[in-house]
Structure formats: structure tokens, C-alpha cells
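Colleague: Contents are compact mmCIF, C-alpha atoms and all ligand atoms; file name my_file-v2.txt:
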# COMPACT_ATOMS: atom_id res chain seq x y z
CA MET S 12 -126.19 37.02 91.40
CA ILE S 13 -122.98 38.92 92.11
CA LYS S 14 -123.03 41.34 95.03
CA ILE S 15 -120.80 44.26 94.07
CA ASP S 16 -118.41 44.97 96.94
CA GLY S 17 -117.91 48.73 97.03
CA LYS S 18 -116.02 48.56 100.29
CA GLU S 19 -113.38 46.19 98.94
CA THR S 20 -113.11 48.04 95.62
CA ALA S 21 -112.71 51.33 97.47
CA ALA S 22 -110.00 49.86 99.72
CA ASN S 23 -108.11 48.61 96.64
CA ILE S 24 -108.28 52.01 94.95
CA LYS S 25 -107.19 53.81 98.13
CA ALA S 26 -104.16 51.51 98.25
CA GLU S 27 -103.41 52.34 94.58
CA ILE S 28 -103.67 56.07 95.35
CA ALA S 29 -101.49 55.73 98.47
CA ALA S 30 -98.80 53.98 96.38
CA GLU S 31 -98.91 56.78 93.83
CA VAL S 32 -98.65 59.44 96.56
CA ALA S 33 -95.70 57.60 98.13
CA GLY S 34 -93.98 57.77 94.73
CA MET S 35 -94.71 61.49 94.39
CA VAL S 36 -93.33 62.23 97.85
CA ALA S 37 -90.24 60.07 97.18
CA ARG S 38 -89.60 62.16 94.06
CA GLY S 39 -89.74 65.30 96.20
CA GLU S 40 -93.16 66.37 94.91
CA LYS S 41 -95.79 67.97 97.08
CA ARG S 42 -98.25 65.81 99.01
CA PRO S 43 -101.80 66.41 97.64
CA HIS S 44 -103.86 68.60 99.99
CA LEU S 45 -107.67 68.49 100.29
CA ALA S 46 -109.57 71.05 102.34
CA ALA S 47 -113.22 70.73 103.40
CA ILE S 48 -115.60 73.36 104.68
CA LEU S 49 -118.33 72.09 107.00
CA VAL S 50 -121.14 74.44 108.03
CA GLY S 51 -123.29 73.50 111.03
CA HIS S 52 -123.70 70.10 112.65
CA ASP S 53 -125.93 68.05 110.33
CA GLY S 54 -125.41 64.42 111.38
CA GLY S 55 -124.99 63.06 107.86
CA SER S 56 -122.57 65.81 106.84
CA GLU S 57 -120.49 65.31 110.01
CA THR S 58 -120.19 61.60 109.19
CA TYR S 59 -119.32 62.18 105.51
CA VAL S 60 -116.69 64.82 106.27
CA ALA S 61 -115.11 62.64 108.99
CA SER S 62 -114.92 59.78 106.46
CA LYS S 63 -113.32 62.09 103.89
CA VAL S 64 -110.67 63.24 106.39
CA LYS S 65 -109.95 59.60 107.32
CA ALA S 66 -109.70 58.63 103.65
CA CYS S 67 -107.17 61.46 103.13
CA GLU S 68 -104.99 59.95 105.83
CA GLU S 69 -105.24 56.50 104.21
CA CYS S 70 -104.21 57.96 100.85
CA GLY S 71 -101.30 59.95 102.29
CA PHE S 72 -102.91 63.33 101.59
CA LYS S 73 -102.76 66.39 103.76
CA SER S 74 -106.25 67.47 104.84
CA THR S 75 -107.68 70.59 106.44
CA LEU S 76 -111.15 70.87 107.95
CA ILE S 77 -112.65 74.33 108.30
CA ARG S 78 -115.79 74.54 110.42
CA PHE S 79 -118.41 77.25 110.72
CA GLU S 80 -121.56 77.43 112.80
CA ALA S 81 -124.90 77.20 110.95
CA ASP S 82 -125.62 80.91 111.46
CA ILE S 83 -122.56 82.02 109.44
CA ASP S 84 -123.47 84.71 106.91
CA GLU S 85 -123.10 84.03 103.22
CA GLN S 86 -120.34 86.58 102.66
CA THR S 87 -118.12 85.08 105.37
CA LEU S 88 -118.46 81.70 103.68
CA LEU S 89 -117.74 83.21 100.26
CA ASP S 90 -114.63 84.87 101.75
CA ALA S 91 -113.47 81.50 103.10
CA VAL S 92 -113.95 79.98 99.64
CA ASP S 93 -111.94 82.81 98.12
CA GLN S 94 -109.14 82.24 100.62
CA LEU S 95 -108.95 78.56 99.64
CA ASN S 96 -109.00 79.52 95.96
CA ARG S 97 -105.88 81.62 96.60
CA ASP S 98 -104.10 79.21 98.95
CA GLU S 99 -101.34 77.68 96.85
CA ASP S 100 -100.89 74.77 99.22
CA VAL S 101 -104.51 73.62 98.77
CA ASP S 102 -104.91 71.49 95.62
CA GLY S 103 -108.64 70.95 95.91
CA PHE S 104 -111.49 71.64 98.30
CA ILE S 105 -115.14 70.94 98.91
CA VAL S 106 -117.96 72.72 100.68
CA GLN S 107 -120.09 69.99 102.23
CA LEU S 108 -123.75 70.21 101.23
CA PRO S 109 -126.48 70.84 102.25
CA LEU S 110 -125.91 74.40 103.43
CA PRO S 111 -128.31 76.24 105.76
CA PRO S 112 -131.30 77.67 103.84
CA HIS S 113 -130.16 81.32 104.16
CA ILE S 114 -127.06 80.55 102.06
CA SER S 115 -127.25 80.05 98.28
CA GLU S 116 -125.58 76.74 97.48
CA GLN S 117 -125.32 77.71 93.82
CA LYS S 118 -123.57 80.97 94.65
CA VAL S 119 -121.06 79.11 96.83
CA ILE S 120 -120.43 76.41 94.21
CA GLU S 121 -119.84 79.05 91.54
CA ALA S 122 -117.41 80.87 93.83
CA ILE S 123 -115.09 77.83 93.90
CA ASP S 124 -112.20 77.98 91.43
CA TYR S 125 -113.18 75.21 88.96
CA ARG S 126 -109.54 74.06 88.93
CA LYS S 127 -109.87 73.18 92.63
CA ASP S 128 -113.48 71.93 92.40
CA VAL S 129 -112.79 68.28 93.23
CA ASP S 130 -116.54 67.72 93.82
CA GLY S 131 -117.10 68.49 90.12
CA PHE S 132 -120.11 70.69 90.95
CA HIS S 133 -118.97 73.94 89.28
CA PRO S 134 -120.83 74.69 86.01
CA ILE S 135 -117.52 74.58 84.12
CA ASN S 136 -116.86 71.01 85.26
CA VAL S 137 -120.51 70.03 84.70
CA GLY S 138 -120.43 71.54 81.21
CA ARG S 139 -117.10 69.97 80.30
CA GLN S 140 -118.35 66.58 81.48
CA SER S 141 -121.48 66.89 79.36
CA ILE S 142 -119.43 67.42 76.19
CA GLY S 143 -116.81 64.83 77.11
CA LEU S 144 -113.86 67.11 77.92
CA PRO S 145 -111.34 66.38 80.71
CA CYS S 146 -112.77 67.66 84.02
CA PHE S 147 -113.44 66.73 87.62
CA HIS S 148 -116.30 64.22 87.55
CA SER S 149 -118.61 64.41 90.54
CA ALA S 150 -117.81 61.72 93.03
CA THR S 151 -120.91 59.52 93.21
CA PRO S 152 -121.37 59.16 89.42
CA ALA S 153 -117.63 58.52 89.02
CA GLY S 154 -117.80 55.87 91.76
CA ILE S 155 -120.70 54.13 90.00
CA MET S 156 -118.80 54.10 86.69
CA THR S 157 -115.72 52.65 88.40
CA LEU S 158 -117.78 49.82 89.91
CA LEU S 159 -119.34 49.01 86.52
CA GLU S 160 -115.86 49.05 84.97
CA ARG S 161 -114.12 46.93 87.60
CA TYR S 162 -116.93 44.33 87.62
CA ASN S 163 -117.05 44.30 83.79
CA VAL S 164 -120.78 44.99 83.77
CA PRO S 165 -121.74 45.22 80.07
CA THR S 166 -123.07 48.71 79.29
CA LYS S 167 -122.70 49.01 75.50
CA GLY S 168 -126.17 49.20 73.98
CA ALA S 169 -127.75 48.43 77.37
CA ASN S 170 -131.03 50.03 78.40
CA CYS S 171 -130.11 52.05 81.48
CA VAL S 172 -132.82 53.61 83.62
CA VAL S 173 -131.78 56.33 86.05
CA LEU S 174 -134.27 57.05 88.82
CA GLY S 175 -133.85 60.65 89.99
CA ARG S 176 -132.62 63.80 88.26
CA SER S 177 -130.53 65.53 90.91
CA ASN S 178 -127.56 67.66 89.92
CA ILE S 179 -125.31 65.54 92.16
CA VAL S 180 -126.24 62.06 90.89
CA GLY S 181 -129.09 61.56 88.42
CA LYS S 182 -128.13 64.05 85.72
CA PRO S 183 -124.35 63.45 85.74
CA VAL S 184 -124.61 59.64 85.87
CA ALA S 185 -127.05 59.75 82.94
CA THR S 186 -124.48 61.83 81.02
CA LEU S 187 -121.66 59.38 81.79
CA MET S 188 -123.72 56.29 80.91
CA MET S 189 -124.63 57.70 77.49
CA GLN S 190 -121.14 58.92 76.59
CA LYS S 191 -119.01 57.05 74.05
CA GLY S 192 -116.75 54.41 75.56
CA VAL S 193 -116.53 51.76 78.23
CA PRO S 194 -118.36 51.93 80.54
CA GLY S 195 -120.90 53.97 78.62
CA ASP S 196 -122.60 53.63 75.23
CA ALA S 197 -125.87 52.91 77.02
CA THR S 198 -129.36 53.99 75.97
CA VAL S 199 -130.38 56.10 78.93
CA THR S 200 -133.83 56.97 80.28
CA VAL S 201 -134.10 59.35 83.23
CA CYS S 202 -137.23 58.95 85.37
CA HIS S 203 -138.54 61.41 87.96
CA ARG S 204 -141.68 62.45 89.81
CA ALA S 205 -143.61 63.27 86.65
CA THR S 206 -142.67 60.07 84.78
CA ARG S 207 -145.62 57.97 83.60
CA ASN S 208 -145.36 54.15 83.47
CA LEU S 209 -142.27 54.18 85.66
CA LYS S 210 -142.63 50.51 86.59
CA GLU S 211 -142.90 49.43 82.94
CA ILE S 212 -139.88 51.54 82.00
CA CYS S 213 -137.87 49.90 84.80
CA ARG S 214 -138.91 46.44 83.63
CA GLN S 215 -137.21 47.14 80.27
CA ALA S 216 -133.95 48.08 81.98
CA ASP S 217 -130.72 46.12 81.76
CA ILE S 218 -129.28 48.53 84.34
CA ILE S 219 -131.23 50.47 86.98
CA ILE S 220 -129.47 53.27 88.86
CA ALA S 221 -131.72 54.23 91.78
CA ALA S 222 -130.99 57.70 93.17
CA MET S 223 -134.28 59.05 94.48
CA GLY S 224 -133.73 58.88 98.22
CA VAL S 225 -136.93 56.89 98.76
CA PRO S 226 -136.17 53.78 100.86
CA GLY S 227 -137.30 50.51 99.28
CA PHE S 228 -138.74 52.21 96.17
CA VAL S 229 -137.44 49.58 93.72
CA THR S 230 -139.30 46.31 94.25
CA ALA S 231 -138.90 42.91 92.56
CA ASP S 232 -141.85 43.48 90.18
CA MET S 233 -139.93 46.42 88.63
CA VAL S 234 -136.79 44.45 87.82
CA LYS S 235 -136.12 42.20 84.82
CA GLU S 236 -134.35 38.85 85.35
CA GLY S 237 -130.61 39.35 84.87
CA ALA S 238 -130.65 43.12 85.37
CA THR S 239 -127.92 45.07 87.17
CA VAL S 240 -129.16 47.28 90.00
CA ILE S 241 -127.08 50.13 91.46
CA ASP S 242 -128.49 51.55 94.68
CA VAL S 243 -127.45 55.12 95.47
CA GLY S 244 -129.96 55.65 98.31
CA THR S 245 -128.60 56.31 101.80
CA THR S 246 -131.60 57.36 103.87
CA ARG S 247 -131.22 57.24 107.65
CA VAL S 248 -134.12 55.32 109.22
CA PRO S 249 -134.66 54.93 112.99
CA ASP S 250 -133.32 51.65 114.40
CA ALA S 251 -133.47 51.22 118.17
CA THR S 252 -131.16 48.17 118.01
CA ARG S 253 -128.25 50.35 116.83
CA LYS S 254 -126.05 52.42 119.10
CA SER S 255 -126.41 55.34 116.68
CA GLY S 256 -130.23 54.97 116.76
CA PHE S 257 -130.44 54.67 112.96
CA ARG S 258 -129.39 52.57 110.02
CA LEU S 259 -128.93 53.36 106.34
CA ARG S 260 -131.54 52.17 103.86
CA GLY S 261 -131.16 52.15 100.11
CA ASP S 262 -133.74 52.86 97.42
CA VAL S 263 -133.90 49.15 96.57
CA GLU S 264 -135.78 46.40 98.43
CA PHE S 265 -132.58 44.36 98.43
CA ASP S 266 -133.79 40.98 99.69
CA GLU S 267 -136.51 40.55 97.06
CA VAL S 268 -134.64 42.25 94.18
CA ALA S 269 -131.20 40.62 94.58
CA PRO S 270 -132.21 37.06 93.48
CA LYS S 271 -133.31 38.45 90.08
CA CYS S 272 -130.10 40.38 89.44
CA ALA S 273 -126.89 39.68 87.54
CA TYR S 274 -125.17 42.33 89.71
CA ILE S 275 -126.43 44.43 92.61
CA THR S 276 -124.89 46.89 95.06
CA PRO S 277 -125.79 46.64 98.76
CA VAL S 278 -126.45 49.54 101.16
CA PRO S 279 -124.25 50.11 103.05
CA GLY S 280 -121.04 48.89 101.38
CA GLY S 281 -121.90 49.58 97.74
CA VAL S 282 -121.80 53.01 96.15
CA GLY S 283 -121.12 54.91 99.42
CA PRO S 284 -117.45 53.96 99.89
CA MET S 285 -116.84 54.58 96.17
CA THR S 286 -118.05 58.16 96.43
CA ILE S 287 -115.32 59.01 98.89
CA VAL S 288 -112.65 57.22 96.91
CA SER S 289 -113.65 59.16 93.76
CA LEU S 290 -113.11 62.38 95.69
CA MET S 291 -109.66 61.05 96.64
CA ARG S 292 -108.89 60.31 92.97
CA ASN S 293 -109.94 63.84 92.01
CA THR S 294 -107.70 65.23 94.74
CA LEU S 295 -104.78 63.19 93.41
CA LEU S 296 -105.47 64.52 89.89
CA ALA S 297 -105.66 68.06 91.29
CA GLY S 298 -102.34 67.57 93.12
CA GLN S 299 -100.75 66.30 89.92
CA LYS S 300 -102.29 69.15 87.91
CA ALA S 301 -103.42 66.35 85.61
CA ILE S 302 -106.61 68.05 84.41
CA TYR S 303 -105.97 71.78 84.75
CA LYS S 304 -102.56 73.46 84.94
N1 LIG T 1 -123.53 66.20 100.16
C1 LIG T 1 -123.94 64.98 99.72
N2 LIG T 1 -123.06 64.49 98.83
C2 LIG T 1 -122.09 65.41 98.70
C3 LIG T 1 -120.90 65.47 97.93
O1 LIG T 1 -120.56 64.59 97.14
N3 LIG T 1 -120.15 66.59 98.09
C4 LIG T 1 -120.51 67.61 98.91
N4 LIG T 1 -119.72 68.68 98.98
N5 LIG T 1 -121.60 67.59 99.64
C5 LIG T 1 -122.39 66.49 99.53
Step by step, read the file and then write its structure as C-alpha cells.
Ligand code: GUN

Modeller:
Amino acid sequence: MIKIDGKETAANIKAEIAAEVAGMVARGEKRPHLAAILVGHDGGSETYVASKVKACEECGFKSTLIRFEADIDEQTLLDAVDQLNRDEDVDGFIVQLPLPPHISEQKVIEAIDYRKDVDGFHPINVGRQSIGLPCFHSATPAGIMTLLERYNVPTKGANCVVLGRSNIVGKPVATLMMQKGVPGDATVTVCHRATRNLKEICRQADIIIAAMGVPGFVTADMVKEGATVIDVGTTRVPDATRKSGFRLRGDVEFDEVAPKCAYITPVPGGVGPMTIVSLMRNTLLAGQKAIYK
């Protein structure tokens, strides 16, 4: 069994990006600039955004954090998005999700200029990804594909089962796994709440990508010997022994599943660090105008 080290892979890629940025700056080019909008004080979002700002520093990017209280009205947020769309110094930006329930996430996502949409959530980027055109790939699916690539996990012709059909992970990772190329060329099945025989479907899988947000959902009886298991779950569960009062749990019952696997990602230290590094790569591409002019 090989434990996929997302933390180490992410650190390597950040160093590669930092070297590229140093070269850009030495040539007199502009330092890539990522902006983030954070609404409210959700604990998870605070942590993610702080990690994104720190990663920007490590990559040599400029970063700007714009904060609003949770009671901000939708129009004020849309105006802030518009301002970032027009700001020539900002290469890419994100609006951290989830947003408070009185604000339409879809409306906000569609207000972002797709050329600065480094989250890859805008319908233009989603659509371009689904037909294999150059675009910003959303960060978690891109991070998963990079791990499969760097660990040479065979995907061609593999049965890949994706658990979960969210717009952020399940749907886009299914699209990437089925696309032509390496990694890709897999036969993909997407399972969700209404799926019958889910356990049997999982037992046929060469690769399971678990993205349901249900801690410990994937148990050893669902996994074939020699399978690869990618755990996207990051649910906070109470843990009195931690200073924070919680710990992260994945969707996979790691201890019992790992011995059966060819490759498996841990939580934390698997997909999580890769998500942030994929956002950094998108920001670099935005700064270089490598996808859209
Ligand atoms: N919330 C959870 N994941 C993400 C992400 O990748 N981007 C944004 N903007 N919000 C998120």
C-alpha cells in the first residue's frame, strides 16, 4: 500500500511555482495577484482563506483579502465582484463559499469574469472543461488529477467510481477522469443518494473517489483488493483532545481500508493541500494570461 502524500506533493509544486514567479519578476513581468472575498466568519472558510493567503506568499504572489460581514446585501457583494473584474492589477479572484443563505451563490459565481475565475466555477469554465477546451479547472478535481499523475496511478480503462455529484467535486472530477488522456480514459460511474447497489458498484472499482462529506462512509467491505482510494472528505468532528476542539475526518474508514489498497490518500494531508496548490497554479496561469488573453 502506498500512502499518497498530498502535503509533500503540494510543497513541491509550490516550490515549482515560486521558481517560475521568480523568473517572471526577474524578467520585469508583473507578480501574479490573487484576491479573495470572504463573507462572514464561518470557521472552515476562515481556515481555508488563511491557507490560501499563506500559499500566495509561498508562491511569491501578491494577495488581497476583502472581508464582509455575513449581513452584507447581495448587491454590495456583486458590486465588489464587479470592481475586481475591472481591477487590472488583479489576475484572478475567488469568492469563498458557502455564502449566507440570503445571497445567491450562482448569481455571484456568474458575475465573476470567467477570465479571472481561478476557482473554475463559472459556467463558461465548467462548459469548456466538459468539452475538453483550455479553461480554469476547479481546484479540488485538478488536485486529484495531479496526485494520480505524479504517483503514476493507472487510469486508462480503469473502473472509477465517484461518490457524490456536487458541482465543486463530484461532477467535474467525473468529467476529468473520463476525458481522453493521462490521467483519464477511465470508465466512470457517479453514485449519489438515489444510487441502488452502491456497495456492489464500489466493489467493482479500480479507483474510488469519495466526495460525499459523510465521515467513514467507505468501509473495507466496499473496496476491492488493489484499488486506489481518494478521500475528498473533510468533515470537522468534535475532539476534546485538540486545542481547536475538532479534527478533520475523511469519507473513508482509513485504518480498515488502507491495507487493501494499492494507493490511498489520508485525511488530513491528502487531497486538501492539493486543492490550494491547484488554485495557485490557476493564479499563475491567469497572471501569465496562459488560458485567456
Ligand atoms: N468552499 C469550499 N471549497 C471551495 C473552493 O474551492 N473555492 C471556494 N471559493 N469556496 C470553497

Colleague: Give me, as a PyMOL selection string, the set of residues whose atoms come within 10 Å of any atom of ligand LIG 1 (chain T), counting all atoms listed in the file.

Modeller: chain S and resi 47-49+55-56+59-60+104-110+120+128-132+149-152+179-180+283+286-287+289-290

Colleague: Quote the spacing between CA of Val278 (chain S) and CA of Leu259 (chain S) in Å to one decimal place.

Modeller: 6.9 Å

Colleague: Have a look at S:Val229, S:Cys213, S:Cys70, S:Ile123 and name the one nearest to Ala91 (chain S); count all atoms listed in the file.

Modeller: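 Smallest separation from Ala91 (chain S) among the options: S:Ile123.
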
Colleague: Within 9 Å of Gly280 (chain S), counting only C-alpha atoms, which residues qualify if same-chain residues fewer than 2 places away don't, as a ChimeraX atom specification?

Modeller: /S:15-19,276-278,282-285

Colleague: Convert the current residue selection to file output with C-alpha atoms, as a compact mmCIF listing (two decimals), in the coordinates of the input.

Modeller:
# COMPACT_ATOMS: atom_id res chain seq x y z
CA ILE S 15 -120.80 44.26 94.07
CA ASP S 16 -118.41 44.97 96.94
CA GLY S 17 -117.91 48.73 97.03
CA LYS S 18 -116.02 48.56 100.29
CA GLU S 19 -113.38 46.19 98.94
CA THR S 276 -124.89 46.89 95.06
CA PRO S 277 -125.79 46.64 98.76
CA VAL S 278 -126.45 49.54 101.16
CA VAL S 282 -121.80 53.01 96.15
CA GLY S 283 -121.12 54.91 99.42
CA PRO S 284 -117.45 53.96 99.89
CA MET S 285 -116.84 54.58 96.17

Colleague: Can you tell me, as a list in words, which residues sit within 8 Å of (-126.8, 37.5, 88.8) in the file's frame, using all atoms listed in the file?

Modeller: Met12, Ile13, Gly237, Ala238, Thr239, Ala269, Pro270, Lys271, Cys272, Ala273, Tyr274 and Ile275 of chain S

Colleague: Please compute the CA of Lys25 (chain S)-CA of Leu296 (chain S) distance, one decimal, in Å.

Modeller: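 Separation between CA of Lys25 (chain S) and CA of Leu296 (chain S): 13.6 Å.
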
Colleague: In Å, how far is it from CA of Ala33 (chain S) to CA of Asp98 (chain S)?

Modeller: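 Taking CA of Ala33 (chain S) as the start and CA of Asp98 (chain S) as the end point, the length is 23.2 Å.
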
Colleague: Please provide the set of residues having any atom within 9 Å of Lys73 (chain S), restricted to all atoms listed in the file, with same-chain residues fewer than 4 positions apart removed, written as a tab-separated table (two decimals) with C-alpha atoms, keeping the file's coordinate frame.

Modeller:
chain	number	residue	atom	x	y	z
S	42	ARG	CA	-98.25	65.81	99.01
S	43	PRO	CA	-101.80	66.41	97.64
S	44	HIS	CA	-103.86	68.60	99.99
S	45	LEU	CA	-107.67	68.49	100.29
S	46	ALA	CA	-109.57	71.05	102.34
S	64	VAL	CA	-110.67	63.24	106.39
S	67	CYS	CA	-107.17	61.46	103.13
S	68	GLU	CA	-104.99	59.95	105.83
S	101	VAL	CA	-104.51	73.62	98.77

Colleague: Tell me which of S:Gly51, S:Gly195, S:Gly154, S:Gly281 sits closest to Cys171 (chain S), counting only C-alpha atoms.

Modeller: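 Using only C-alpha atoms, the shortest distance to Cys171 (chain S) belongs to S:Gly195.
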
Colleague: Set the distance at 12 Å and use all atoms listed in the file: which residues neighbour Ala30 (chain S) once local chain neighbours fewer than 6 positions away are removed? I'd like the list as a ChimeraX atom specification.

Modeller: /S:23-24,36-37,69-72,295

Colleague: So that I can see what lies close to Pro226 (chain S), please list as a VMD selection string the residues with an atom at most 9 Å from it, counting all atoms listed in the file and leaving out residues fewer than 3 positions away in the same chain.

Modeller: chain S and resid 223 229 244 to 246 248 260 to 264

Colleague: With C-alpha atoms retained, write the just-selected residues as a PDB file, keeping the file's coordinate frame.

Modeller:
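Output saved as part_21.pdb:
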ATOM      1  CA  MET S 223    -134.280  59.050  94.480  1.00  0.00           C
ATOM      2  CA  VAL S 229    -137.440  49.580  93.720  1.00  0.00           C
ATOM      3  CA  GLY S 244    -129.960  55.650  98.310  1.00  0.00           C
ATOM      4  CA  THR S 245    -128.600  56.310 101.800  1.00  0.00           C
ATOM      5  CA  THR S 246    -131.600  57.360 103.870  1.00  0.00           C
ATOM      6  CA  VAL S 248    -134.120  55.320 109.220  1.00  0.00           C
ATOM      7  CA  ARG S 260    -131.540  52.170 103.860  1.00  0.00           C
ATOM      8  CA  GLY S 261    -131.160  52.150 100.110  1.00  0.00           C
ATOM      9  CA  ASP S 262    -133.740  52.860  97.420  1.00  0.00           C
ATOM     10  CA  VAL S 263    -133.900  49.150  96.570  1.00  0.00           C
ATOM     11  CA  GLU S 264    -135.780  46.400  98.430  1.00  0.00           C
TER      12      GLU S 264
END

Colleague: Select, from S:Glu40, S:Gly138, S:Cys146, S:Ala66, the residue with the minimum atom-to-atom distance to Ile302 (chain S), counting only C-alpha atoms.

Modeller: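 So, comparing all the options, the nearest one is S:Cys146.
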
Colleague: Output as AutoDock Vina command-line options the centre and edge lengths (Å, one decimal) of the box along x, y and z of the file that holds every listed atom of region 144-162 of chain S after adding 3 Å on each side.

Modeller:
--center_x -116.4 --center_y 56.0 --center_z 85.6 --size_x 16.0 --size_y 29.3 --size_z 21.3

Colleague: If we count only C-alpha atoms, what is near Thr166 (chain S) at a cut-off of 7 Å, once residues fewer than 4 positions away on the same chain are taken out, given as an NGL selection string?

Modeller: :S and (194-197)

Colleague: Limited to C-alpha atoms, could you put the picked residues into a file as a short mmCIF file (atom, residue, chain, number, x, y, z; two decimals), in the frame of the given file?

Modeller:
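Result file follows (selection.cif):
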data_model
loop_
_atom_site.label_atom_id
_atom_site.label_comp_id
_atom_site.auth_asym_id
_atom_site.auth_seq_id
_atom_site.Cartn_x
_atom_site.Cartn_y
_atom_site.Cartn_z
CA PRO S 194 -118.36 51.93 80.54
CA GLY S 195 -120.90 53.97 78.62
CA ASP S 196 -122.60 53.63 75.23
CA ALA S 197 -125.87 52.91 77.02
#

Colleague: For Ser141 (chain S), which of S:Met189, S:Val288, S:Leu88, S:Val172 is the closest residue, counting all atoms listed in the file?

Modeller: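 Ranked by minimum distance to Ser141 (chain S), first place goes to S:Met189.
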
Colleague: Let me make sure I understand: among S:Asn293, S:Glu116, S:Asn163, S:Asp124, which one has the smallest atom-to-atom distance to Arg97 (chain S) if we use only C-alpha atoms?

Modeller: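 With only C-alpha atoms as the atom set, the closest residue is S:Asp124.
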
Colleague: Got a sec to check which residues sit within 12 Å of (-127.1, 53.1, 85.1), counting all atoms listed in the file, and write them as a VMD selection string?

Modeller: chain S and resid 152 to 160 164 to 175 180 to 190 194 to 202 213 216 to 222 238 to 243 274 to 276
